[in-house]
Structure formats: C-alpha cells, structure tokens
file coords-v5.csv (CSV, C-alpha atoms)
chain,number,residue,atom,x,y,z
Q,1481,MET,CA,-0.5,-30.9,5.1
Q,1482,LYS,CA,-1.8,-31.1,1.6
Q,1483,ASN,CA,-3.6,-27.7,2.1
Q,1484,LEU,CA,-0.4,-26.1,3.3
Q,1485,ALA,CA,1.6,-27.4,0.3
Q,1486,PHE,CA,-1.2,-26.2,-2.1
Q,1487,SER,CA,-1.3,-22.8,-0.4
Q,1488,LEU,CA,2.4,-22.3,-0.7
Q,1489,LEU,CA,2.3,-23.4,-4.4
Q,1490,LEU,CA,-0.6,-21.1,-5.1
Q,1491,SER,CA,1.1,-18.1,-3.3
Q,1492,ASN,CA,4.1,-18.5,-5.5
Q,1493,PHE,CA,2.1,-19.1,-8.7
Q,1494,LEU,CA,-0.7,-16.5,-8.4
Q,1495,PRO,CA,1.4,-13.4,-8.8
Q,1496,VAL,CA,3.0,-14.7,-12.0
Q,1497,VAL,CA,-0.4,-15.6,-13.5
Q,1498,ALA,CA,-2.0,-12.3,-12.4
Q,1499,HIS,CA,0.9,-10.3,-14.0
Q,1500,ALA,CA,0.9,-12.3,-17.2
Q,1501,GLN,CA,-2.8,-12.1,-17.7
Q,1502,ALA,CA,-3.3,-8.4,-16.9
Q,1503,THR,CA,-1.7,-5.5,-18.7
Q,1504,LYS,CA,-2.8,-3.2,-15.9
Q,1505,GLY,CA,-3.4,-4.0,-12.2
Q,1506,ASP,CA,-6.8,-3.7,-10.6
Q,1507,GLY,CA,-5.8,-2.3,-7.2
Q,1508,LEU,CA,-5.8,-4.0,-3.8
Q,1509,ARG,CA,-8.4,-6.1,-2.0
Q,1510,GLY,CA,-9.9,-4.2,0.9
Q,1511,ASP,CA,-11.5,-6.1,3.7
Q,1512,TYR,CA,-13.4,-3.8,6.0
Q,1513,TYR,CA,-14.1,-4.9,9.6
Q,1514,GLN,CA,-16.0,-3.6,12.6
Q,1515,GLY,CA,-13.8,-3.5,15.7
Q,1516,SER,CA,-10.3,-2.4,16.5
Q,1517,ASN,CA,-8.8,-5.8,15.7
Q,1518,PHE,CA,-10.6,-7.3,12.7
Q,1519,GLU,CA,-13.5,-8.6,14.8
Q,1520,ARG,CA,-16.4,-8.7,12.2
Q,1521,LEU,CA,-16.0,-8.6,8.4
Q,1522,VAL,CA,-18.5,-6.2,6.9
Q,1523,HIS,CA,-17.5,-6.0,3.3
Q,1524,SER,CA,-14.7,-6.8,0.8
Q,1525,ARG,CA,-14.0,-4.9,-2.4
Q,1526,ARG,CA,-11.3,-3.8,-4.7
Q,1527,ASP,CA,-9.7,-0.4,-4.0
Q,1528,ALA,CA,-7.8,1.1,-7.0
Q,1529,LEU,CA,-5.9,3.3,-4.6
Q,1530,VAL,CA,-5.4,3.6,-0.8
Q,1531,ASP,CA,-6.3,7.2,-0.7
Q,1532,PHE,CA,-9.0,7.7,1.9
Q,1533,TYR,CA,-10.0,10.6,4.1
Q,1534,TRP,CA,-13.2,9.7,5.8
Q,1535,HIS,CA,-13.2,12.6,8.3
Q,1536,ASN,CA,-15.8,11.5,10.9
Q,1537,GLU,CA,-17.9,9.6,8.5
Q,1538,GLN,CA,-18.5,5.9,7.8
Q,1539,PRO,CA,-16.1,4.3,5.2
Q,1540,MET,CA,-19.2,2.6,3.8
Q,1541,PRO,CA,-22.7,1.8,4.8
Q,1542,GLY,CA,-22.9,-0.7,7.7
Q,1543,MET,CA,-19.5,0.5,9.2
Q,1544,PRO,CA,-19.0,2.5,12.3
Q,1545,THR,CA,-17.3,5.9,12.1
Q,1546,GLU,CA,-14.8,4.8,14.8
Q,1547,GLN,CA,-13.3,1.6,16.0
Q,1548,PHE,CA,-12.9,-0.1,12.6
Q,1549,THR,CA,-10.1,-1.8,10.7
Q,1550,VAL,CA,-9.2,-2.4,7.1
Q,1551,ARG,CA,-6.8,-4.9,5.6
Q,1552,TRP,CA,-5.6,-4.3,2.0
Q,1553,THR,CA,-3.8,-7.2,0.3
Q,1554,GLY,CA,-2.5,-7.9,-3.1
Q,1555,TRP,CA,0.6,-7.9,-5.3
Q,1556,LEU,CA,2.8,-5.0,-6.1
Q,1557,VAL,CA,4.6,-5.3,-9.4
Q,1558,PRO,CA,7.1,-2.4,-9.9
Q,1559,PRO,CA,7.6,-1.1,-13.5
Q,1560,VAL,CA,11.4,-0.4,-13.1
Q,1561,THR,CA,14.2,-1.8,-10.9
Q,1562,GLY,CA,15.6,0.6,-8.2
Q,1563,TYR,CA,15.1,2.2,-4.9
Q,1564,TYR,CA,11.5,3.2,-4.1
Q,1565,VAL,CA,10.2,5.1,-1.1
Q,1566,LEU,CA,6.8,4.1,0.3
Q,1567,HIS,CA,5.0,6.9,2.1
Q,1568,LEU,CA,2.2,6.2,4.5
Q,1569,ALA,CA,-0.1,8.9,6.0
Q,1570,VAL,CA,-2.5,7.6,8.7
Q,1571,ASP,CA,-4.7,8.8,11.5
Q,1572,ASP,CA,-4.5,6.2,13.7
Q,1573,GLY,CA,-2.6,2.9,13.4
Q,1574,ALA,CA,-0.9,1.0,10.6
Q,1575,ARG,CA,1.2,-2.0,9.9
Q,1576,LEU,CA,2.8,-2.7,6.5
Q,1577,TRP,CA,4.3,-5.9,5.1
Q,1578,LEU,CA,6.1,-6.5,1.8
Q,1579,ASP,CA,6.8,-10.2,1.0
Q,1580,ASN,CA,5.9,-11.2,4.6
Q,1581,ARG,CA,8.6,-8.8,5.9
Q,1582,GLN,CA,7.1,-6.3,8.3
Q,1583,LEU,CA,8.3,-2.8,7.3
Q,1584,LEU,CA,6.1,-0.7,9.7
Q,1585,ASP,CA,4.4,-1.4,13.0
Q,1586,LYS,CA,2.5,1.6,14.5
Q,1587,TRP,CA,-0.6,-0.2,15.7
Q,1588,HIS,CA,-2.1,2.3,18.2
Q,1589,GLY,CA,-4.2,5.4,18.4
Q,1590,GLN,CA,-2.2,8.4,17.3
Q,1591,PRO,CA,-2.6,11.8,15.7
Q,1592,PRO,CA,-2.1,12.2,12.0
Q,1593,SER,CA,1.3,10.5,11.2
Q,1594,TYR,CA,3.5,10.3,8.2
Q,1595,HIS,CA,6.0,7.4,7.7
Q,1596,THR,CA,8.6,6.8,4.9
Q,1597,ILE,CA,9.9,3.4,4.1
Q,1598,PRO,CA,12.7,3.0,1.6
Q,1599,VAL,CA,12.8,-0.4,-0.3
Q,1600,GLU,CA,14.7,-1.8,-3.2
Q,1601,LEU,CA,12.4,-3.5,-5.8
Q,1602,GLN,CA,13.0,-5.4,-9.1
Q,1603,ALA,CA,11.0,-4.6,-12.2
Q,1604,GLY,CA,8.3,-7.1,-13.0
Q,1605,ARG,CA,8.6,-9.1,-9.8
Q,1606,ALA,CA,5.4,-9.6,-7.8
Q,1607,TYR,CA,5.7,-8.6,-4.2
Q,1608,HIS,CA,3.0,-9.6,-1.7
Q,1609,LEU,CA,1.7,-6.4,-0.1
Q,1610,ARG,CA,-0.4,-6.2,3.0
Q,1611,LEU,CA,-1.4,-3.0,4.8
Q,1612,ASP,CA,-3.5,-3.1,8.0
Q,1613,TYR,CA,-5.2,0.1,9.1
Q,1614,TYR,CA,-6.8,0.8,12.5
Q,1615,GLN,CA,-9.2,3.7,13.1
Q,1616,ASN,CA,-9.6,4.7,16.8
Q,1617,LEU,CA,-11.2,8.1,17.3
Q,1618,HIS,CA,-12.1,11.2,15.4
Q,1619,ASP,CA,-10.7,11.7,11.9
Q,1620,ALA,CA,-9.9,8.7,9.7
Q,1621,ARG,CA,-7.1,8.8,7.1
Q,1622,ALA,CA,-5.3,6.2,5.1
Q,1623,LEU,CA,-3.0,7.1,2.2
Q,1624,LEU,CA,-0.3,5.0,0.6
Q,1625,LEU,CA,2.1,6.7,-1.8
Q,1626,TRP,CA,5.3,5.8,-3.5
Q,1627,GLU,CA,8.2,7.6,-4.9
Q,1628,ARG,CA,9.6,5.8,-8.0
Q,1629,PRO,CA,13.3,5.6,-8.7
Q,1630,ARG,CA,14.8,8.3,-10.8
Q,1631,LYS,CA,15.6,7.1,-14.3
Q,1632,ASN,CA,19.2,8.3,-13.9
Q,1633,GLU,CA,20.5,8.0,-10.4
Q,1634,ALA,CA,23.6,9.9,-11.4
Q,1635,LEU,CA,21.9,13.2,-12.1
Q,1636,SER,CA,24.3,16.0,-12.1
Q,1637,SER,CA,24.2,18.3,-9.1
Q,1638,SER,CA,23.3,21.1,-11.5
Q,1639,SER,CA,20.3,20.6,-13.8
Q,1640,TRP,CA,17.0,22.2,-14.8
Q,1641,ARG,CA,15.3,20.0,-12.1
Q,1642,ASN,CA,17.0,21.9,-9.3
Q,1643,LEU,CA,17.4,25.3,-11.1
Q,1644,TRP,CA,21.0,24.5,-11.8
Q,1645,GLY,CA,22.0,23.8,-8.3
Q,1646,VAL,CA,20.1,26.7,-6.6
Q,1647,MET,CA,17.3,24.6,-5.2
Q,1648,GLN,CA,17.2,21.1,-3.7
Q,1649,GLU,CA,15.9,18.6,-6.2
Q,1650,THR,CA,12.4,17.4,-5.3
Q,1651,HIS,CA,11.0,13.9,-5.6
Q,1652,ILE,CA,7.5,13.1,-7.0
Q,1653,CYS,CA,5.2,11.2,-4.6
Q,1654,GLN,CA,2.1,9.7,-6.1
Q,1655,PRO,CA,-0.6,7.3,-4.8
Q,1656,LEU,CA,0.5,3.7,-5.3
Q,1657,PRO,CA,-1.3,3.2,-8.6
Q,1658,GLY,CA,-3.8,0.4,-9.2
Q,1659,ASP,CA,-1.9,-0.2,-12.5
Q,1660,ASN,CA,0.9,-1.7,-10.5
Q,1661,THR,CA,-1.1,-3.6,-7.9
Q,1662,TYR,CA,-3.2,-6.8,-8.3
Q,1663,ALA,CA,-5.9,-7.7,-5.9
Q,1664,LEU,CA,-6.2,-11.1,-4.3
Q,1665,LEU,CA,-9.3,-13.0,-5.4
Q,1666,ILE,CA,-12.5,-11.6,-3.9
call {"tool": "encode", "arguments": {"input": "coords-v5.csv", "output": "structure tokens"}}
result
Amino acid sequence: MKNLAFSLLLSNFLPVVAHAQATKGDGLRGDYYQGSNFERLVHSRRDALVDFYWHNEQPMPGMPTEQFTVRWTGWLVPPVTGYYVLHLAVDDGARLWLDNRQLLDKWHGQPPSYHTIPVELQAGRAYHLRLDYYQNLHDARALLLWERPRKNEALSSSSWRNLWGVMQETHICQPLPGDNTYALLI
C-alpha cells in the first residue's frame, strides 16, 4: 500500500519538477521490445522525436526487423492553451494515451495508416503521454505529429494565409518536438 501511495505522489510531482528544472524537454523514453506484445525488453533510450521509418531494417542492433514493439512514455507540456490535433502515421498497430485516457486503439497489423486526434490542452500543464507501437510485417513506420492552435482562432475568412479567401487555409503539422516532451527516468 505504501508503494502505491508513493507512486501516485511521484506521478503527480514528477511532471512539475521536470518542467520547472528544464527549460527545454528531452523527448520521450523509448522502450524497445522483441515480440508483438512487449515480450523481451532489448533497449531503452531517449528519443527526441517519434519520427521513424525503418523500412525493412532493424530499429537498432539486437532487434528483429519484424514482430517488435516500442513504448514511448513521458510528459507533454504544451506551450499555449488551445485545441491541438495529434497526427499519428503508423505501419502497423498503435495505441495512444494522454493522462491515462486512451485516445486511439488500432492494435493490429494494417497497411500504412494515418490518424488524427483533436485534444484541448492547457499551457504549462504536464500531460502523461504514452504511445505503444506494434510492427508486424514488412515496412515499419511510426510518426507522431501535432498541429498547434492558431494564435488567433477568430482569423478572418479573408487573409493572406488563404490568399484572401481564394484557397482553404492550411494548418502546419510538425513532429511533436522534444522541446515540449520530457522523458521518464531511464
């Protein structure tokens, strides 16, 4: 019971300490496993970005080219409050949680797939992030992007951004930056 209470206290305290002590994030913790369901841990490291296209190659020495899993964990600290859109491109399976709320569950072999998940986030608040990835056969791809809120949600329908109403306004997607993510202890 003491360990559970300590874990709960630590899980609430750690993101505050990590954010206060670091001006920039350091990415996410990546735990790399052999097997399609986290059977054998091979290596843990910090990944500044989740932007991997392994083709038909090993993600690192000692790993198979197929039938492996990766779990990325850490804290996401958004720079501004607003509506974000998380974008996830994977070739095979993925599951995504934010603050222990599952936002995506596509845990099966599949062709290259693209998922968008809208979320409302508060500036400076640390959100626990967990992304599970499953590589089945052939190409291996894992990419986590985000679309930050526009500075002014009430942009006029006619502006230079959309050629004065002639074109639809585009949103900028970029990899979820390591500057806004903090790895769990390795």
call {"tool": "closest_residue", "arguments": {"input": "coords-v5.csv", "among": "Q:Arg1526, Q:Arg1551, Q:His1535, Q:Arg1605", "to": "Gln1514 of chain Q", "atoms": "all atoms listed in the file"}}
result
Q:Arg1551
call {"tool": "atom_distance", "arguments": {"input": "coords-v5.csv", "atom1": "atom CA of Leu1556 of chain Q", "atom2": "atom CA of Phe1518 of chain Q"}}
result
23.2 Å
call {"tool": "residues_around", "arguments": {"input": "coords-v5.csv", "residues": "segment 1608-1613 of chain Q", "least_positions_apart": "2", "cutoff": "9 Å", "atoms": "all atoms listed in the file", "output": "compact mmCIF listing (two decimals) with C-alpha atoms, in the frame of the given file"}}
result
# COMPACT_ATOMS: atom_id res chain seq x y z
CA SER Q 1491 1.10 -18.10 -3.30
CA PRO Q 1495 1.40 -13.40 -8.80
CA LEU Q 1508 -5.80 -4.00 -3.80
CA PHE Q 1548 -12.90 -0.10 12.60
CA THR Q 1549 -10.10 -1.80 10.70
CA VAL Q 1550 -9.20 -2.40 7.10
CA ARG Q 1551 -6.80 -4.90 5.60
CA TRP Q 1552 -5.60 -4.30 2.00
CA THR Q 1553 -3.80 -7.20 0.30
CA GLY Q 1554 -2.50 -7.90 -3.10
CA TRP Q 1555 0.60 -7.90 -5.30
CA LEU Q 1556 2.80 -5.00 -6.10
CA VAL Q 1557 4.60 -5.30 -9.40
CA VAL Q 1570 -2.50 7.60 8.70
CA ASP Q 1572 -4.50 6.20 13.70
CA GLY Q 1573 -2.60 2.90 13.40
CA ALA Q 1574 -0.90 1.00 10.60
CA ARG Q 1575 1.20 -2.00 9.90
CA LEU Q 1576 2.80 -2.70 6.50
CA TRP Q 1577 4.30 -5.90 5.10
CA LEU Q 1578 6.10 -6.50 1.80
CA ASP Q 1579 6.80 -10.20 1.00
CA ASN Q 1580 5.90 -11.20 4.60
CA TRP Q 1587 -0.60 -0.20 15.70
CA ALA Q 1606 5.40 -9.60 -7.80
CA GLN Q 1615 -9.20 3.70 13.10
CA ALA Q 1622 -5.30 6.20 5.10
CA THR Q 1661 -1.10 -3.60 -7.90
call {"tool": "closest_residue", "arguments": {"input": "coords-v5.csv", "among": "Q:Leu1529, Q:Gly1562, Q:Gly1505, Q:Pro1544", "to": "Leu1623 of chain Q", "atoms": "all atoms listed in the file"}}
result
Q:Leu1529
call {"tool": "atom_distance", "arguments": {"input": "coords-v5.csv", "atom1": "atom CA of Asp1585 of chain Q", "atom2": "atom CA of Ala1663 of chain Q"}}
result
22.4 Å
call {"tool": "atom_distance", "arguments": {"input": "coords-v5.csv", "atom1": "atom CA of Pro1598 of chain Q", "atom2": "atom CA of Asp1531 of chain Q"}}
result
19.6 Å
call {"tool": "residues_around", "arguments": {"input": "coords-v5.csv", "residues": "Glu1546 of chain Q", "least_positions_apart": "2", "cutoff": "10 Å", "atoms": "only C-alpha atoms", "output": "JSON, numbers by chain"}}
result
{"Q": [1514, 1515, 1516, 1536, 1537, 1538, 1539, 1543, 1544, 1548, 1549, 1614, 1615, 1616, 1617, 1618, 1619, 1620]}
call {"tool": "closest_residue", "arguments": {"input": "coords-v5.csv", "among": "Q:Tyr1513, Q:Ala1528, Q:Glu1627, Q:Pro1559", "to": "Met1540 of chain Q", "atoms": "all atoms listed in the file"}}
result
Q:Tyr1513
call {"tool": "closest_residue", "arguments": {"input": "coords-v5.csv", "among": "Q:Pro1629, Q:Pro1541, Q:Pro1591, Q:Pro1558", "to": "Ala1603 of chain Q", "atoms": "all atoms listed in the file"}}
result
Q:Pro1558
call {"tool": "closest_residue", "arguments": {"input": "coords-v5.csv", "among": "Q:Gly1510, Q:Thr1596, Q:Gly1658, Q:Trp1626", "to": "Val1522 of chain Q", "atoms": "all atoms listed in the file"}}
result
Q:Gly1510
call {"tool": "decode", "arguments": {"input": "coords-v5.csv", "residues": "segment 1503-1515 of chain Q", "atoms": "N, CA and C atoms", "output": "PDB file, in the first residue's frame"}}
result
ATOM      1  N   THR Q1503      14.419  23.949 -19.110  1.00  0.00           N
ATOM      2  CA  THR Q1503      13.827  24.951 -19.979  1.00  0.00           C
ATOM      3  C   THR Q1503      13.363  24.323 -21.279  1.00  0.00           C
ATOM      4  N   LYS Q1504      14.001  23.242 -21.667  1.00  0.00           N
ATOM      5  CA  LYS Q1504      13.607  22.502 -22.859  1.00  0.00           C
ATOM      6  C   LYS Q1504      13.423  21.046 -22.488  1.00  0.00           C
ATOM      7  N   GLY Q1505      12.503  20.410 -23.163  1.00  0.00           N
ATOM      8  CA  GLY Q1505      12.294  18.989 -22.930  1.00  0.00           C
ATOM      9  C   GLY Q1505      13.414  18.169 -23.541  1.00  0.00           C
ATOM     10  N   ASP Q1506      13.383  16.882 -23.251  1.00  0.00           N
ATOM     11  CA  ASP Q1506      14.429  15.993 -23.752  1.00  0.00           C
ATOM     12  C   ASP Q1506      13.861  14.840 -24.558  1.00  0.00           C
ATOM     13  N   GLY Q1507      12.607  14.914 -24.964  1.00  0.00           N
ATOM     14  CA  GLY Q1507      11.999  13.862 -25.754  1.00  0.00           C
ATOM     15  C   GLY Q1507      11.246  12.870 -24.907  1.00  0.00           C
ATOM     16  N   LEU Q1508      11.043  11.695 -25.443  1.00  0.00           N
ATOM     17  CA  LEU Q1508      10.300  10.637 -24.770  1.00  0.00           C
ATOM     18  C   LEU Q1508      11.200   9.436 -24.518  1.00  0.00           C
ATOM     19  N   ARG Q1509      10.872   8.687 -23.506  1.00  0.00           N
ATOM     20  CA  ARG Q1509      11.581   7.436 -23.256  1.00  0.00           C
ATOM     21  C   ARG Q1509      11.048   6.396 -24.217  1.00  0.00           C
ATOM     22  N   GLY Q1510      11.939   5.732 -24.935  1.00  0.00           N
ATOM     23  CA  GLY Q1510      11.554   4.660 -25.844  1.00  0.00           C
ATOM     24  C   GLY Q1510      12.056   3.336 -25.309  1.00  0.00           C
ATOM     25  N   ASP Q1511      11.130   2.438 -25.006  1.00  0.00           N
ATOM     26  CA  ASP Q1511      11.480   1.078 -24.582  1.00  0.00           C
ATOM     27  C   ASP Q1511      11.210   0.157 -25.761  1.00  0.00           C
ATOM     28  N   TYR Q1512      12.253  -0.512 -26.258  1.00  0.00           N
ATOM     29  CA  TYR Q1512      12.201  -1.345 -27.460  1.00  0.00           C
ATOM     30  C   TYR Q1512      12.191  -2.819 -27.067  1.00  0.00           C
ATOM     31  N   TYR Q1513      11.208  -3.549 -27.566  1.00  0.00           N
ATOM     32  CA  TYR Q1513      10.997  -4.942 -27.190  1.00  0.00           C
ATOM     33  C   TYR Q1513      10.993  -5.857 -28.408  1.00  0.00           C
ATOM     34  N   GLN Q1514      11.469  -7.093 -28.233  1.00  0.00           N
ATOM     35  CA  GLN Q1514      11.233  -8.148 -29.207  1.00  0.00           C
ATOM     36  C   GLN Q1514       9.866  -8.725 -28.913  1.00  0.00           C
ATOM     37  N   GLY Q1515       9.146  -9.101 -29.961  1.00  0.00           N
ATOM     38  CA  GLY Q1515       7.829  -9.690 -29.782  1.00  0.00           C
ATOM     39  C   GLY Q1515       6.718  -8.697 -30.059  1.00  0.00           C
TER      40      GLY Q1515
END
